[in-house]
Structure formats: structure tokens, C-alpha cells
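Next comes target33.cif, with mmCIF, C-alpha atoms.
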data_input
#
loop_
_atom_site.label_atom_id
_atom_site.label_comp_id
_atom_site.auth_asym_id
_atom_site.auth_seq_id
_atom_site.Cartn_x
_atom_site.Cartn_y
_atom_site.Cartn_z
CA MET P 1 19.95 14.04 28.51
CA GLN P 2 17.21 16.65 28.60
CA LEU P 3 14.87 17.02 25.64
CA PHE P 4 15.05 20.81 25.62
CA ASP P 5 18.85 20.75 25.67
CA ILE P 6 18.47 19.58 22.06
CA LEU P 7 15.21 21.32 21.07
CA ASN P 8 14.19 24.94 21.45
CA THR P 9 12.29 25.49 24.72
CA GLN P 10 9.67 27.46 22.76
CA LEU P 11 9.11 24.61 20.25
CA PHE P 12 5.53 23.76 21.19
CA LYS P 13 4.36 27.33 21.89
CA PRO P 14 2.77 27.82 18.44
CA LEU P 15 0.85 24.55 18.90
CA THR P 16 -0.55 25.57 22.28
CA GLY P 17 -1.41 29.22 21.72
CA ARG P 18 -4.54 30.84 20.42
CA TYR P 19 -3.60 30.09 16.80
CA GLN P 20 -2.67 26.44 17.40
CA GLY P 21 -4.88 25.00 14.66
CA MET P 22 -3.56 27.45 12.10
CA PHE P 23 0.08 26.76 12.98
CA ALA P 24 -0.47 22.99 12.96
CA GLU P 25 -2.03 23.11 9.49
CA LEU P 26 0.67 25.48 8.22
CA LEU P 27 3.42 23.17 9.54
CA MET P 28 1.84 20.18 7.81
CA LEU P 29 1.53 22.17 4.57
CA ILE P 30 5.20 23.18 4.77
CA TRP P 31 6.11 19.56 5.56
CA ASP P 32 4.17 18.36 2.50
CA HIS P 33 6.16 20.74 0.29
CA CYS P 34 9.58 20.17 1.90
CA ARG P 35 9.66 16.47 2.80
CA THR P 36 10.89 15.37 -0.63
CA SER P 37 13.74 17.88 -0.71
CA THR P 38 17.17 16.68 0.39
CA ASP P 39 17.59 19.56 2.84
CA TYR P 40 13.87 19.72 3.79
CA GLY P 41 13.85 23.29 2.50
CA MET P 42 12.42 25.68 -0.02
CA GLY P 43 13.06 29.23 -1.09
CA LYS P 44 12.23 31.81 1.55
CA ASN P 45 10.02 33.81 -0.83
CA GLU P 46 8.28 30.62 -1.93
CA MET P 47 7.55 29.74 1.70
CA ILE P 48 6.12 33.21 2.32
CA ARG P 49 3.90 32.85 -0.77
CA LEU P 50 2.80 29.40 0.40
CA SER P 51 1.92 30.88 3.80
CA GLU P 52 0.04 33.76 2.17
CA ASP P 53 -2.02 31.35 0.07
CA PHE P 54 -2.73 29.24 3.14
CA LEU P 55 -3.77 32.22 5.28
CA GLU P 56 -5.97 33.54 2.50
CA GLY P 57 -7.58 30.13 2.07
CA VAL P 58 -8.41 29.69 5.74
CA GLY P 59 -9.54 33.29 6.11
CA PHE P 60 -7.10 34.06 8.92
CA GLU P 61 -8.73 36.43 11.35
CA LEU P 62 -7.19 38.06 14.35
CA VAL P 63 -8.67 36.85 17.60
CA GLU P 64 -9.63 39.71 19.83
CA GLN P 65 -7.96 39.46 23.19
CA ASP P 66 -10.00 39.83 26.35
CA SER P 67 -9.33 42.94 28.39
CA GLY P 68 -8.02 40.95 31.35
CA GLU P 69 -6.01 38.49 29.28
CA GLU P 70 -2.27 38.99 29.10
CA VAL P 71 -0.73 37.99 25.79
CA GLU P 72 2.97 38.11 24.96
CA GLU P 73 3.94 40.58 22.26
CA ILE P 74 5.41 37.76 20.15
CA GLU P 75 1.99 36.05 20.05
CA GLN P 76 0.35 39.10 18.51
CA PRO P 77 0.32 38.97 14.71
CA PRO P 78 0.49 42.23 12.84
CA SER P 79 -2.92 43.59 12.01
CA LYS P 80 -1.81 44.73 8.56
CA ASP P 81 -1.92 43.01 5.20
CA LEU P 82 -1.76 39.32 4.38
CA HIS P 83 1.95 39.43 3.48
CA SER P 84 2.84 40.78 6.94
CA LYS P 85 0.81 38.02 8.58
CA ALA P 86 2.55 35.37 6.47
CA VAL P 87 5.99 36.77 7.32
CA TRP P 88 4.98 36.80 11.00
CA CYS P 89 3.87 33.14 10.85
CA VAL P 90 7.10 31.97 9.21
CA ALA P 91 9.19 34.08 11.61
CA ARG P 92 7.28 32.65 14.60
CA LEU P 93 7.95 29.09 13.43
CA ARG P 94 11.62 29.97 12.89
CA ASN P 95 11.97 31.61 16.32
CA CYS P 96 10.37 28.61 18.02
CA GLY P 97 12.73 26.13 16.35
CA TRP P 98 10.57 24.54 13.63
CA LEU P 99 12.32 26.29 10.74
CA GLU P 100 15.84 27.54 10.10
CA ASP P 101 17.49 29.76 7.52
CA LEU P 102 20.05 27.92 5.45
CA GLU P 103 23.41 29.41 4.61
CA ILE P 104 23.49 30.46 1.02
CA GLY P 105 26.25 31.03 -1.46
CA TYR P 106 26.89 34.06 -3.55
CA GLU P 107 24.00 34.97 -5.86
CA GLU P 108 21.74 32.21 -4.52
CA ASP P 109 18.20 32.70 -3.32
CA ALA P 110 17.66 32.57 0.43
CA ARG P 111 16.30 29.23 1.62
CA THR P 112 14.37 28.24 4.71
CA ALA P 113 14.26 24.62 5.85
CA ILE P 114 12.68 22.46 8.49
CA CYS P 115 15.09 21.90 11.38
CA PRO P 116 16.51 18.35 11.27
CA GLN P 117 15.67 17.80 14.95
CA VAL P 118 11.93 18.22 14.34
CA VAL P 119 11.71 16.05 11.21
CA PRO P 120 10.76 12.94 13.27
CA ILE P 121 8.05 14.97 15.03
CA LEU P 122 6.59 16.11 11.71
CA GLN P 123 6.78 12.56 10.34
CA ALA P 124 4.80 11.40 13.40
CA PHE P 125 2.24 14.19 12.91
CA HIS P 126 1.91 13.19 9.24
CA SER P 127 1.37 9.52 10.13
CA ILE P 128 -1.29 10.53 12.67
CA VAL P 129 -3.14 12.75 10.20
CA HIS P 130 -2.70 10.35 7.26
CA PRO P 131 -2.67 6.81 8.71
CA GLN P 132 -1.33 4.21 6.34
CA THR P 133 -3.63 1.25 5.87
CA VAL P 134 -1.92 -2.01 5.15
CA THR P 135 -3.87 -4.71 3.36
CA TYR P 136 -2.54 -8.18 2.97
CA SER P 137 -5.15 -9.43 0.51
CA GLY P 138 -2.98 -8.55 -2.50
CA LYS P 139 0.04 -10.30 -1.04
CA LEU P 140 -2.00 -13.36 -0.08
CA ASN P 141 -3.55 -13.49 -3.55
CA LYS P 142 -0.11 -13.35 -5.18
CA ALA P 143 1.20 -16.13 -2.90
CA TYR P 144 -1.87 -18.26 -3.71
CA GLN P 145 -1.34 -17.80 -7.46
CA LEU P 146 2.32 -18.81 -7.14
CA LEU P 147 1.49 -21.90 -5.12
CA ALA P 148 -1.49 -22.88 -7.29
CA GLY P 149 0.63 -23.01 -10.43
CA ILE P 150 3.70 -24.60 -8.86
CA SER P 151 3.34 -27.91 -10.70
CA THR P 152 3.33 -26.25 -14.15
CA GLU P 153 6.55 -24.27 -13.72
CA SER P 154 9.98 -25.52 -14.69
CA ALA P 155 11.78 -23.88 -11.73
CA PRO P 156 9.09 -23.43 -9.05
CA TYR P 157 11.34 -22.84 -6.08
CA GLU P 158 13.17 -19.83 -7.59
CA ASN P 159 9.84 -18.16 -8.44
CA ILE P 160 8.46 -18.68 -4.94
CA LEU P 161 11.58 -17.30 -3.29
#

Mind turning the file's structure into C-alpha cells?
Amino acid sequence: MQLFDILNTQLFKPLTGRYQGMFAELLMLIWDHCRTSTDYGMGKNEMIRLSEDFLEGVGFELVEQDSGEEVEEIEQPPSKDLHSKAVWCVARLRNCGWLEDLEIGYEEDARTAICPQVVPILQAFHSIVHPQTVTYSGKLNKAYQLLAGISTESAPYENIL
């Protein structure tokens, strides 16, 4: 089995291009908003607004390309307003396989979701960025308290188990 038989061959392009930091942060922001949803999704307009707020907050600036540098057309964001840039970012993530449009019913708002194949990748990214620290002092303290008062309890073995 080949990895890119399952995943889009362009999957890691946004994370290796000139805007890699911006796309990585935007993906983690989308993950933070979508990870509690059952379909890992949110409304398309809401995702665009989230992207606009993010781009405005980071002060997204176009990187000037060198005269000798060849850049694919798809890697060039529009040089227009913030909304166009946000739409471009979401479309780029969708085209590369990070996001997908969900089928909607009649009179429902359009929804965009994280592709199920990349959920484990985003979970790994989240655990790298936010490592979980495990402390055993609380558990040891609770076990000590249970064992210290074992002689005063009427049914000590049930409480310990």
C-alpha cells in the first residue's frame, strides 16, 4: 500500500511552501474549532470568517517573489482584499486534501470539514504543539490516603479496588 494512494499527493505542499508557517497555524486553528464536532466540520462562511480573522491577526503580507524564482500559479495568493486571501487559503487547503466540502441537504448551509484521512495527522500535530504532561503525584497521594485509612474502614478492599 502506498501512502499517496490514500492521501492527496499535494497534501504537504502548503506546509513546505513560502507560506508554510501561516498554513500550519491556520490548520491548527481550524482543528481547534472542528475537533469537537462529530463530522470535524463547520459552516463554510464561518470557516472563511475564521480565516479572515486569523489573517488579519497575523498581518498576512504577500512575499515578493525573486525575479529568477519560478512559483506555481496556485501558490500565488490574490493581492486583493482580506476576504479574497481567506477564500484562497481555504481553497488551497481543500485542493491539497486537508479540507473537503460536505454534501448538504435542501436549505442547509454549506459545510466544510477536515478530511477523515488527515485527522490522525492533525491530532499528532496538536500533541506536538501542546504536549500533555502527566503527573502521578495526585494518584500516588490518593493511593496513600486509601491505604493509610484502611484499618478504619468497614469494607476496605472494595474502596481500594

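For the atom pair formed by CA of Tyr136 (chain P) and CA of Gly149 (chain P), the distance is 20.2 Å, given to one decimal.
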
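Taking CA of Thr112 (chain P) and CA of Gly43 (chain P) as endpoints, the distance between them is 6.0 Å.
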
Quiz item: CA of Lys80 (chain P) to CA of Tyr19 (chain P): how many Å, to one decimal?
Solution: 16.9 Å

Is there a way to get, as a tab-separated table (two decimals) with C-alpha atoms, keeping the file's coordinate frame, all residues within 9 Å of the point (18.5, 26.7, 1.5) in file coordinates, counting all atoms listed in the file?
chain	number	residue	atom	x	y	z
P	39	ASP	CA	17.59	19.56	2.84
P	40	TYR	CA	13.87	19.72	3.79
P	41	GLY	CA	13.85	23.29	2.50
P	42	MET	CA	12.42	25.68	-0.02
P	43	GLY	CA	13.06	29.23	-1.09
P	44	LYS	CA	12.23	31.81	1.55
P	101	ASP	CA	17.49	29.76	7.52
P	102	LEU	CA	20.05	27.92	5.45
P	103	GLU	CA	23.41	29.41	4.61
P	104	ILE	CA	23.49	30.46	1.02
P	108	GLU	CA	21.74	32.21	-4.52
P	109	ASP	CA	18.20	32.70	-3.32
P	110	ALA	CA	17.66	32.57	0.43
P	111	ARG	CA	16.30	29.23	1.62
P	112	THR	CA	14.37	28.24	4.71
P	113	ALA	CA	14.26	24.62	5.85

Exercise. Taking the file above as input, evaluate the PyMOL selection byres ((chain P and resi 33) around 12) and report the hits as number ranges by chain.
Key: P: 26-32, 34-43, 46-47, 50-51, 112-114

Exercise. Show which residues sit within 12 Å of Cys89 (chain P), as an MDAnalysis selection string. Count all atoms listed in the file, and ignore same-chain residues fewer than 6 positions away.
Key: chainID P and resid 14 19:20 22:27 30 47:52 54:55 60 74:78 82:83 95:96 98:99

Edge lengths and centre, in Å to one decimal, as lines of an AutoDock Vina configuration file: that's what I need for the box along x, y and z that holds all listed atoms of region 98-115 of chain P plus 8 Å on each side.
center_x = 18.7
center_y = 28.4
center_z = 3.9
size_x = 32.3
size_y = 29.1
size_z = 35.5

Quiz item: Which of these residues is nearest to Val58 (chain P), using all atoms listed in the file: P:Leu3, P:Phe125, P:Gln10, P:Gly21?
Solution: P:Gly21

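The nearest approach to Leu7 (chain P) among the residues P:Tyr106, P:Asn45, P:Trp88, P:Pro116, with only C-alpha atoms taken into account, belongs to P:Pro116.
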
If I only have part of region 15-40 of chain P, can you fill in N, CA, C and O atoms and write it as a JSON list (two decimals), in the frame of the given file?
[["chain", "number", "residue", "atom", "x", "y", "z"],
["P", 15, "LEU", "N", 1.88, 25.59, 18.91],
["P", 15, "LEU", "CA", 0.85, 24.55, 18.90],
["P", 15, "LEU", "C", -0.01, 24.57, 20.15],
["P", 15, "LEU", "O", -0.91, 23.74, 20.29],
["P", 16, "THR", "N", 0.26, 25.48, 21.07],
["P", 16, "THR", "CA", -0.55, 25.57, 22.28],
["P", 16, "THR", "C", -1.19, 26.93, 22.45],
["P", 16, "THR", "O", -1.98, 27.12, 23.36],
["P", 17, "GLY", "N", -0.87, 27.88, 21.60],
["P", 17, "GLY", "CA", -1.41, 29.22, 21.72],
["P", 17, "GLY", "C", -2.79, 29.35, 21.09],
["P", 17, "GLY", "O", -3.43, 28.38, 20.71],
["P", 18, "ARG", "N", -3.20, 30.56, 20.95],
["P", 18, "ARG", "CA", -4.54, 30.84, 20.42],
["P", 18, "ARG", "C", -4.67, 30.50, 18.94],
["P", 18, "ARG", "O", -5.76, 30.32, 18.44],
["P", 19, "TYR", "N", -3.56, 30.42, 18.22],
["P", 19, "TYR", "CA", -3.60, 30.09, 16.80],
["P", 19, "TYR", "C", -3.06, 28.69, 16.54],
["P", 19, "TYR", "O", -2.49, 28.41, 15.49],
["P", 20, "GLN", "N", -3.26, 27.78, 17.49],
["P", 20, "GLN", "CA", -2.67, 26.44, 17.40],
["P", 20, "GLN", "C", -3.12, 25.68, 16.17],
["P", 20, "GLN", "O", -2.30, 25.03, 15.51],
["P", 21, "GLY", "N", -4.39, 25.71, 15.83],
["P", 21, "GLY", "CA", -4.88, 25.00, 14.66],
["P", 21, "GLY", "C", -4.26, 25.52, 13.37],
["P", 21, "GLY", "O", -3.87, 24.75, 12.49],
["P", 22, "MET", "N", -4.14, 26.84, 13.29],
["P", 22, "MET", "CA", -3.56, 27.45, 12.10],
["P", 22, "MET", "C", -2.09, 27.06, 11.95],
["P", 22, "MET", "O", -1.66, 26.68, 10.87],
["P", 23, "PHE", "N", -1.33, 27.12, 13.05],
["P", 23, "PHE", "CA", 0.08, 26.76, 12.98],
["P", 23, "PHE", "C", 0.27, 25.28, 12.68],
["P", 23, "PHE", "O", 1.18, 24.90, 11.95],
["P", 24, "ALA", "N", -0.58, 24.43, 13.23],
["P", 24, "ALA", "CA", -0.47, 22.99, 12.96],
["P", 24, "ALA", "C", -0.71, 22.71, 11.48],
["P", 24, "ALA", "O", 0.04, 21.95, 10.85],
["P", 25, "GLU", "N", -1.75, 23.32, 10.91],
["P", 25, "GLU", "CA", -2.03, 23.11, 9.49],
["P", 25, "GLU", "C", -0.93, 23.69, 8.61],
["P", 25, "GLU", "O", -0.55, 23.10, 7.60],
["P", 26, "LEU", "N", -0.40, 24.86, 8.99],
["P", 26, "LEU", "CA", 0.67, 25.48, 8.22],
["P", 26, "LEU", "C", 1.94, 24.61, 8.27],
["P", 26, "LEU", "O", 2.60, 24.42, 7.26],
["P", 27, "LEU", "N", 2.25, 24.06, 9.44],
["P", 27, "LEU", "CA", 3.42, 23.17, 9.54],
["P", 27, "LEU", "C", 3.25, 21.94, 8.66],
["P", 27, "LEU", "O", 4.20, 21.52, 7.99],
["P", 28, "MET", "N", 2.06, 21.36, 8.64],
["P", 28, "MET", "CA", 1.84, 20.18, 7.81],
["P", 28, "MET", "C", 1.90, 20.54, 6.32],
["P", 28, "MET", "O", 2.39, 19.75, 5.52],
["P", 29, "LEU", "N", 1.44, 21.72, 5.96],
["P", 29, "LEU", "CA", 1.53, 22.17, 4.57],
["P", 29, "LEU", "C", 3.00, 22.37, 4.17],
["P", 29, "LEU", "O", 3.42, 21.94, 3.08],
["P", 30, "ILE", "N", 3.77, 23.00, 5.04],
["P", 30, "ILE", "CA", 5.20, 23.18, 4.77],
["P", 30, "ILE", "C", 5.89, 21.82, 4.68],
["P", 30, "ILE", "O", 6.72, 21.59, 3.81],
["P", 31, "TRP", "N", 5.52, 20.90, 5.59],
["P", 31, "TRP", "CA", 6.11, 19.56, 5.56],
["P", 31, "TRP", "C", 5.78, 18.86, 4.24],
["P", 31, "TRP", "O", 6.64, 18.22, 3.64],
["P", 32, "ASP", "N", 4.54, 18.98, 3.77],
["P", 32, "ASP", "CA", 4.17, 18.36, 2.50],
["P", 32, "ASP", "C", 5.00, 18.88, 1.34],
["P", 32, "ASP", "O", 5.33, 18.14, 0.41],
["P", 33, "HIS", "N", 5.37, 20.15, 1.38],
["P", 33, "HIS", "CA", 6.16, 20.74, 0.29],
["P", 33, "HIS", "C", 7.66, 20.48, 0.44],
["P", 33, "HIS", "O", 8.37, 20.48, -0.55],
["P", 34, "CYS", "N", 8.13, 20.28, 1.66],
["P", 34, "CYS", "CA", 9.58, 20.17, 1.90],
["P", 34, "CYS", "C", 10.07, 18.75, 2.13],
["P", 34, "CYS", "O", 11.27, 18.52, 2.08],
["P", 35, "ARG", "N", 9.19, 17.80, 2.39],
["P", 35, "ARG", "CA", 9.66, 16.47, 2.80],
["P", 35, "ARG", "C", 10.40, 15.72, 1.69],
["P", 35, "ARG", "O", 11.18, 14.83, 1.99],
["P", 36, "THR", "N", 10.20, 16.06, 0.45],
["P", 36, "THR", "CA", 10.89, 15.37, -0.63],
["P", 36, "THR", "C", 12.23, 16.03, -0.98],
["P", 36, "THR", "O", 13.01, 15.45, -1.72],
["P", 37, "SER", "N", 12.49, 17.19, -0.45],
["P", 37, "SER", "CA", 13.74, 17.88, -0.71],
["P", 37, "SER", "C", 14.85, 17.27, 0.15],
["P", 37, "SER", "O", 14.61, 16.82, 1.27],
["P", 38, "THR", "N", 16.06, 17.28, -0.35],
["P", 38, "THR", "CA", 17.17, 16.68, 0.39],
["P", 38, "THR", "C", 17.51, 17.45, 1.66],
["P", 38, "THR", "O", 17.93, 16.86, 2.64],
["P", 39, "ASP", "N", 17.30, 18.76, 1.65],
["P", 39, "ASP", "CA", 17.59, 19.56, 2.84],
["P", 39, "ASP", "C", 16.32, 19.97, 3.58],
["P", 39, "ASP", "O", 16.38, 20.78, 4.50],
["P", 40, "TYR", "N", 15.18, 19.39, 3.21],
["P", 40, "TYR", "CA", 13.87, 19.72, 3.79],
["P", 40, "TYR", "C", 13.59, 21.22, 3.70],
["P", 40, "TYR", "O", 13.01, 21.81, 4.60]]
